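In what follows, a single structure is set out as structure tokens and then discussed.
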Amino acid sequence: MEHKKIKELISSYIDGELDAAQRRAVEEHLEKCDECRREFEEMDKFEEVMSKMEFKKPPKEMWQVYCDSVYNRLERKIGWILLSIGAIILFFYGGYKLLEGLIQNAEIHWIFKAGILFGIAGIAVMLVSLIREQIFVYRRERYKEIEK
Amino acid sequence: MENVRVLTEHEIILAVIKGNKEAYQQIITTYMQKAYYIALGFVHNHQDALDLSQECFIKAYRKLKKYDLNRPFFPWFYQILKNLCIDHYKKKRRLNEVPLEDIKIIGRKQEDREMKESLWKGIAELPIEQREVIILRYFRQLSYKEIAEVTGKPVGTVMSSLYYAKKKLKDILGKYLGFEGG
């Protein structure tokens, strides 16, 4: 078996992931190949360090409140959605009323009214564009591709 | 004596889908540590890992109706977690943040900090398919078969990714362990 393949198998050999035939092939090769034996020794030292690497354990209390935190965050998200819907309704209703009052007011010059209308139309176009972009991003979201 | 039957994961998820929000607690309890440590492997920071793992449970809860009940839960959950972590990590990398306060090497002295930093940065710079096998192998102690199940890749691909990842990391560690690597 060629060196490259054996070197690849050495990694799995150390991990104890080879079947009997593969193990035997690696062992036989190591007996007669200095280069691969050196690779084995280096990989073995590497494994020794890697197997001792670990994350610091977080405080136990973290696990006790973990579940509650998820539920709280879930509720907060629902809260934010409701709040946002409410704010949007109020915003549009307020805007509509403001516009209605403005148009019906004969004392205000038509140039000022036109300015306000163009401004509002601009904001509306930008909002529609933003919403369309968000919908587009959502449809292409990676998570949707990997759900199953 | 009352005969209490333990619900299977399939039954629990079905209960959650039918509106039993409390049942989801069992799913969280089962996978919270696994999710946290995998996230920590990706993002290298306790607070971010905690946030992302919790965010993943929220996201999974919302998408549960679209989940295929005939498939195991964790690989599906893992894909959501991995994508959350990758997105988060890309943002952090733009800010040049590679924290490493939450990792240690047992038995190694303080002066090995440089080695730890090099190794950690080496892991961070691996392509994602290599980084994930390193995380699952060394921080979750999964077998090749288990890694293949979680990532949805063939065992041969896992073996190969792991080899190339180890080779790169071994080269990085070479000067600290007394060999040149290569």
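Here's how to read the names in the structure tokens: chain A, B, ... by the order shown, residue numbers from 1 in each chain, ligand numbers from 1 in the order shown.
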
**OP:** Can you pull out every residue within 8 Å of stretch 24-27 of chain A, counting only C-alpha atoms, but drop anything in the same chain fewer than 2 positions away, and send it as a list in words?
**Re:** Met1, Ile6, Leu9, Ile10, Tyr13, Ala20, Ala21, Gln22, His29, Leu30 and Glu31 of chain A

Saved selection, atoms kept: N, CA and C atoms, as an mmCIF file, in the first residue's frame:
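And here's again_2.cif as it stands now:
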```cif
data_model
loop_
_atom_site.group_PDB
_atom_site.id
_atom_site.type_symbol
_atom_site.label_atom_id
_atom_site.label_comp_id
_atom_site.auth_asym_id
_atom_site.auth_seq_id
_atom_site.Cartn_x
_atom_site.Cartn_y
_atom_site.Cartn_z
ATOM 1 N N MET A 1 0.841 -1.203 0.000
ATOM 2 C CA MET A 1 0.000 0.000 0.000
ATOM 3 C C MET A 1 0.876 1.254 0.000
ATOM 4 N N ILE A 6 -1.276 4.859 3.661
ATOM 5 C CA ILE A 6 -0.904 4.357 4.987
ATOM 6 C C ILE A 6 -0.927 5.497 6.009
ATOM 7 N N LEU A 9 -4.293 6.106 7.023
ATOM 8 C CA LEU A 9 -4.793 5.036 7.897
ATOM 9 C C LEU A 9 -4.180 5.105 9.298
ATOM 10 N N ILE A 10 -2.944 5.659 9.395
ATOM 11 C CA ILE A 10 -2.288 5.755 10.708
ATOM 12 C C ILE A 10 -3.149 6.566 11.676
ATOM 13 N N TYR A 13 -5.879 4.449 12.704
ATOM 14 C CA TYR A 13 -5.329 3.333 13.501
ATOM 15 C C TYR A 13 -5.204 3.775 14.966
ATOM 16 N N ALA A 20 -9.735 -5.268 11.262
ATOM 17 C CA ALA A 20 -8.559 -6.120 11.504
ATOM 18 C C ALA A 20 -7.596 -6.133 10.314
ATOM 19 N N ALA A 21 -8.129 -6.226 9.093
ATOM 20 C CA ALA A 21 -7.280 -6.294 7.899
ATOM 21 C C ALA A 21 -6.488 -4.994 7.717
ATOM 22 N N GLN A 22 -7.157 -3.875 7.930
ATOM 23 C CA GLN A 22 -6.487 -2.574 7.784
ATOM 24 C C GLN A 22 -5.409 -2.392 8.859
ATOM 25 N N HIS A 29 3.302 -2.524 7.373
ATOM 26 C CA HIS A 29 3.986 -1.435 6.674
ATOM 27 C C HIS A 29 4.928 -0.685 7.634
ATOM 28 N N LEU A 30 4.469 -0.478 8.852
ATOM 29 C CA LEU A 30 5.279 0.275 9.824
ATOM 30 C C LEU A 30 6.589 -0.449 10.155
ATOM 31 N N GLU A 31 6.537 -1.775 10.108
ATOM 32 C CA GLU A 31 7.735 -2.557 10.423
ATOM 33 C C GLU A 31 8.867 -2.327 9.430
#
```

For chain A, work out the contacting residues on chain B at 9 Å, counting only C-alpha atoms, and write them as a short mmCIF file (atom, residue, chain, number, x, y, z; two decimals) with N, CA and C atoms, in the first residue's frame.
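Printed below is result_24.cif as written:
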```cif
data_model
loop_
_atom_site.label_atom_id
_atom_site.label_comp_id
_atom_site.auth_asym_id
_atom_site.auth_seq_id
_atom_site.Cartn_x
_atom_site.Cartn_y
_atom_site.Cartn_z
N GLN B 25 -38.97 20.63 27.13
CA GLN B 25 -37.97 20.69 28.21
C GLN B 25 -37.10 19.43 28.22
N ILE B 28 -34.53 19.71 25.54
CA ILE B 28 -33.47 20.67 25.94
C ILE B 28 -32.52 20.01 26.94
N THR B 29 -33.10 19.36 27.94
CA THR B 29 -32.27 18.73 28.98
C THR B 29 -31.35 17.67 28.38
N MET B 32 -28.71 19.85 25.91
CA MET B 32 -28.15 21.18 26.20
C MET B 32 -26.62 21.17 26.34
N GLN B 33 -26.09 20.15 27.00
CA GLN B 33 -24.63 20.12 27.19
C GLN B 33 -23.92 19.87 25.86
N TYR B 37 -21.31 22.59 24.23
CA TYR B 37 -19.89 22.30 23.98
C TYR B 37 -19.55 22.32 22.48
N LEU B 40 -19.29 25.90 21.69
CA LEU B 40 -18.03 26.42 22.25
C LEU B 40 -16.85 26.04 21.35
N GLY B 41 -16.91 24.85 20.78
CA GLY B 41 -15.87 24.44 19.85
C GLY B 41 -15.81 25.33 18.63
N HIS B 46 -17.42 31.30 26.07
CA HIS B 46 -18.50 30.75 26.91
C HIS B 46 -19.84 31.43 26.66
N LEU B 50 -23.17 29.82 24.95
CA LEU B 50 -24.43 29.70 25.71
C LEU B 50 -25.57 30.33 24.91
N GLN B 54 -28.68 28.20 23.08
CA GLN B 54 -30.07 28.48 23.47
C GLN B 54 -30.88 28.98 22.26
N GLU B 55 -30.23 29.81 21.47
CA GLU B 55 -30.88 30.32 20.26
C GLU B 55 -31.26 29.16 19.34
N PHE B 57 -32.04 26.08 20.25
CA PHE B 57 -33.23 25.40 20.77
C PHE B 57 -34.50 26.18 20.40
N ILE B 58 -34.40 27.50 20.42
CA ILE B 58 -35.55 28.34 20.06
C ILE B 58 -35.87 28.17 18.57
N LYS B 63 -39.18 25.54 14.19
CA LYS B 63 -39.17 24.82 12.92
C LYS B 63 -39.59 23.36 13.07
N LYS B 66 -41.70 21.35 10.68
CA LYS B 66 -41.14 20.98 9.38
C LYS B 66 -40.14 19.82 9.51
N TYR B 67 -39.88 19.43 10.74
CA TYR B 67 -38.90 18.37 11.00
C TYR B 67 -39.47 17.01 10.58
N ASP B 68 -38.63 16.21 9.91
CA ASP B 68 -39.04 14.89 9.46
C ASP B 68 -38.91 13.90 10.63
N ARG B 71 -36.57 10.79 10.91
CA ARG B 71 -35.11 10.90 11.03
C ARG B 71 -34.73 11.25 12.47
N TRP B 76 -30.34 16.78 12.73
CA TRP B 76 -31.12 17.92 12.23
C TRP B 76 -30.82 19.16 13.07
N PHE B 77 -30.85 18.98 14.37
CA PHE B 77 -30.57 20.06 15.31
C PHE B 77 -29.13 20.58 15.12
N GLN B 79 -27.30 20.63 12.45
CA GLN B 79 -27.13 21.47 11.25
C GLN B 79 -27.56 22.90 11.52
N ILE B 80 -28.61 23.08 12.28
CA ILE B 80 -29.06 24.44 12.63
C ILE B 80 -28.00 25.10 13.50
N ASN B 83 -24.84 26.09 11.53
CA ASN B 83 -25.02 27.30 10.71
C ASN B 83 -25.09 28.56 11.56
N GLU B 101 -10.11 31.76 26.19
CA GLU B 101 -10.08 31.63 27.64
C GLU B 101 -10.80 30.39 28.16
N ASP B 102 -11.60 29.74 27.32
CA ASP B 102 -12.41 28.63 27.80
C ASP B 102 -11.86 27.25 27.45
N ILE B 103 -10.58 27.19 27.12
CA ILE B 103 -10.01 25.90 26.76
C ILE B 103 -8.77 25.64 27.60
N LYS B 104 -8.54 24.40 27.93
CA LYS B 104 -7.31 24.06 28.66
C LYS B 104 -6.80 22.69 28.20
N ILE B 105 -5.50 22.48 28.43
CA ILE B 105 -4.91 21.18 28.10
C ILE B 105 -4.44 20.58 29.43
N ILE B 106 -5.06 19.48 29.81
CA ILE B 106 -4.80 18.87 31.11
C ILE B 106 -3.32 18.49 31.23
N GLY B 107 -2.73 18.86 32.36
CA GLY B 107 -1.35 18.46 32.62
C GLY B 107 -0.32 19.37 31.99
N ARG B 108 -0.75 20.32 31.21
CA ARG B 108 0.19 21.23 30.57
C ARG B 108 0.39 22.47 31.44
N TYR B 138 -12.77 15.44 19.24
CA TYR B 138 -11.98 15.71 20.44
C TYR B 138 -12.74 16.38 21.58
N PHE B 139 -13.78 17.11 21.25
CA PHE B 139 -14.52 17.78 22.33
C PHE B 139 -15.81 17.07 22.70
N SER B 143 -17.32 8.71 17.91
CA SER B 143 -16.63 7.78 17.01
C SER B 143 -16.82 8.28 15.56
N TYR B 144 -16.08 7.70 14.64
CA TYR B 144 -16.23 8.09 13.22
C TYR B 144 -17.68 7.88 12.76
N MET B 159 -13.27 10.19 7.87
CA MET B 159 -11.91 9.71 8.08
C MET B 159 -10.90 10.59 7.35
N SER B 160 -11.21 10.91 6.13
CA SER B 160 -10.32 11.72 5.32
C SER B 160 -10.23 13.16 5.85
N LEU B 162 -10.76 14.18 8.82
CA LEU B 162 -10.06 14.14 10.10
C LEU B 162 -8.54 14.02 9.89
N TYR B 163 -8.16 13.21 8.93
CA TYR B 163 -6.74 13.04 8.64
C TYR B 163 -6.10 14.36 8.22
N TYR B 164 -6.74 15.05 7.28
CA TYR B 164 -6.16 16.31 6.79
C TYR B 164 -6.16 17.39 7.88
N LYS B 166 -5.95 16.79 11.14
CA LYS B 166 -4.90 16.41 12.10
C LYS B 166 -3.53 16.74 11.55
N LYS B 167 -3.35 16.50 10.27
CA LYS B 167 -2.06 16.76 9.64
C LYS B 167 -1.68 18.24 9.79
N LEU B 169 -2.86 20.38 12.01
CA LEU B 169 -2.67 20.73 13.41
C LEU B 169 -1.37 20.12 13.95
N LYS B 170 -1.05 18.95 13.47
CA LYS B 170 0.21 18.31 13.88
C LYS B 170 1.40 19.16 13.44
N LEU B 173 1.70 21.98 15.82
CA LEU B 173 2.21 21.58 17.14
C LEU B 173 3.63 21.04 17.09
N GLY B 174 4.10 20.71 15.89
CA GLY B 174 5.41 20.08 15.74
C GLY B 174 6.52 20.75 16.53
N LEU B 177 6.31 20.02 20.18
CA LEU B 177 6.41 18.62 20.60
C LEU B 177 7.71 17.96 20.19
N GLY B 178 8.58 18.76 19.61
CA GLY B 178 9.92 18.25 19.30
C GLY B 178 10.07 17.61 17.95
N PHE B 179 9.18 17.90 17.04
CA PHE B 179 9.40 17.45 15.66
C PHE B 179 8.96 18.56 14.71
N GLY B 181 7.33 18.34 11.83
CA GLY B 181 6.05 18.20 11.13
C GLY B 181 6.28 18.16 9.64
#
```

Subject >> stretch 101-105 of chain A surroundings by only C-alpha atoms, 12 Å radius, close-in-sequence under 6 positions cut, as a ChimeraX atom specification >> reply: /A:94-95,111-117

Keeping N, CA and C atoms, export the residues of the selection given above as a JSON list (two decimals), in the first residue's frame.
```json
[["chain", "number", "residue", "atom", "x", "y", "z"],
["A", 94, "GLY", "N", -51.38, 56.38, 12.77],
["A", 94, "GLY", "CA", -50.98, 57.76, 13.09],
["A", 94, "GLY", "C", -50.61, 58.51, 11.82],
["A", 95, "GLY", "N", -49.87, 57.86, 10.95],
["A", 95, "GLY", "CA", -49.45, 58.47, 9.68],
["A", 95, "GLY", "C", -50.65, 58.82, 8.82],
["A", 111, "ILE", "N", -47.76, 73.45, -1.87],
["A", 111, "ILE", "CA", -46.37, 73.01, -2.08],
["A", 111, "ILE", "C", -45.88, 72.20, -0.87],
["A", 112, "PHE", "N", -46.25, 72.68, 0.30],
["A", 112, "PHE", "CA", -45.89, 71.96, 1.54],
["A", 112, "PHE", "C", -46.56, 70.58, 1.57],
["A", 113, "LYS", "N", -47.84, 70.58, 1.15],
["A", 113, "LYS", "CA", -48.57, 69.29, 1.13],
["A", 113, "LYS", "C", -47.90, 68.31, 0.15],
["A", 114, "ALA", "N", -47.53, 68.85, -1.04],
["A", 114, "ALA", "CA", -46.88, 68.01, -2.04],
["A", 114, "ALA", "C", -45.55, 67.46, -1.51],
["A", 115, "GLY", "N", -44.80, 68.31, -0.82],
["A", 115, "GLY", "CA", -43.52, 67.88, -0.23],
["A", 115, "GLY", "C", -43.70, 66.73, 0.74],
["A", 116, "ILE", "N", -44.70, 66.91, 1.60],
["A", 116, "ILE", "CA", -44.98, 65.85, 2.59],
["A", 116, "ILE", "C", -45.39, 64.55, 1.89],
["A", 117, "LEU", "N", -46.26, 64.67, 0.87],
["A", 117, "LEU", "CA", -46.74, 63.48, 0.16],
["A", 117, "LEU", "C", -45.60, 62.73, -0.53]]
```

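Using only C-alpha atoms, the contacts of B:Ile13 at a cut-off of 10 Å, with sequence neighbours closer than 4 positions omitted, comprise Leu7, Thr8, Glu9, Ile17, Lys18, Gly19, Asn20, Lys21, Ala23, Tyr24, Gln26, Ile27, Tyr61, Leu64, Lys65, Tyr67, Leu69 and Phe73 of chain B.
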
I need the residues from that last selection saved to file as a PDB file, in the first residue's frame (with C-alpha atoms), if you can.
```pdb
ATOM      1  CA  LEU B   7     -41.501   8.462  26.330  1.00  0.00           C
ATOM      2  CA  THR B   8     -39.312   8.016  23.301  1.00  0.00           C
ATOM      3  CA  GLU B   9     -37.759  11.033  21.631  1.00  0.00           C
ATOM      4  CA  ILE B  17     -45.645  19.609  17.739  1.00  0.00           C
ATOM      5  CA  LYS B  18     -49.174  19.002  19.048  1.00  0.00           C
ATOM      6  CA  GLY B  19     -48.771  21.961  21.396  1.00  0.00           C
ATOM      7  CA  ASN B  20     -47.279  20.507  24.563  1.00  0.00           C
ATOM      8  CA  LYS B  21     -44.678  23.218  25.086  1.00  0.00           C
ATOM      9  CA  ALA B  23     -42.467  18.485  26.709  1.00  0.00           C
ATOM     10  CA  TYR B  24     -39.744  20.385  24.872  1.00  0.00           C
ATOM     11  CA  GLN B  26     -36.960  17.035  27.916  1.00  0.00           C
ATOM     12  CA  ILE B  27     -35.363  17.675  24.555  1.00  0.00           C
ATOM     13  CA  TYR B  61     -38.707  24.718  18.400  1.00  0.00           C
ATOM     14  CA  LEU B  64     -40.233  21.597  14.582  1.00  0.00           C
ATOM     15  CA  LYS B  65     -43.364  21.269  12.447  1.00  0.00           C
ATOM     16  CA  TYR B  67     -38.899  18.368  10.999  1.00  0.00           C
ATOM     17  CA  LEU B  69     -40.089  12.608  12.328  1.00  0.00           C
ATOM     18  CA  PHE B  73     -33.428  14.612  15.941  1.00  0.00           C
TER      19      PHE B  73
END
```

**OP:** From a DSSP calculation on the backbone, collect every residue of stretch 21-148 of chain B in alpha helix (DSSP H) and output the set as a PyMOL selection string.
**Re:** chain B and resi 24-43+46-63+73-94+113-125+128-134+144-148

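The two atoms in question, atom CA of A:Ser84 and atom CA of A:Val137, are spaced 19.8 Å apart.
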
Subject >> Neighbour list for B:Ala35 as number ranges by chain, cut-off 8 Å, only C-alpha atoms, skip fewer than 5 positions in-chain >> reply: B: 53, 78, 81

For the residues selected in the previous step, produce a file with N, CA and C atoms as an mmCIF file, in the first residue's frame.
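Output file result.cif is given in full below:
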```
data_model
loop_
_atom_site.group_PDB
_atom_site.id
_atom_site.type_symbol
_atom_site.label_atom_id
_atom_site.label_comp_id
_atom_site.auth_asym_id
_atom_site.auth_seq_id
_atom_site.Cartn_x
_atom_site.Cartn_y
_atom_site.Cartn_z
ATOM 1 N N SER B 53 -26.309 28.264 21.647
ATOM 2 C CA SER B 53 -26.954 26.961 21.879
ATOM 3 C C SER B 53 -28.419 27.176 22.273
ATOM 4 N N TYR B 78 -28.226 19.646 14.921
ATOM 5 C CA TYR B 78 -26.807 19.997 14.766
ATOM 6 C C TYR B 78 -26.578 20.909 13.560
ATOM 7 N N LEU B 81 -27.524 24.360 14.477
ATOM 8 C CA LEU B 81 -26.506 24.891 15.400
ATOM 9 C C LEU B 81 -25.233 25.274 14.645
#
```

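With only C-alpha atoms as the atoms that count, the minimum distance from B:Tyr89 to the choices B:Val43, B:Met115, B:Ala60, B:Ile134 is reached by B:Val43.
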
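What separates atom CA of A:Glu28 from atom CA of A:Ile14 is a distance of 15.0 Å.
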
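For B:Gly122, the list of residues within 8 Å, based on only C-alpha atoms and with local chain neighbours fewer than 2 positions off taken out, reads Ser118, Leu119, Trp120, Ala124, Glu125, Leu126, Lys168, Leu169 and Ile172 of chain B.
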
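Atom CA of B:Gln141 is found 27.7 Å from atom CA of A:His3.
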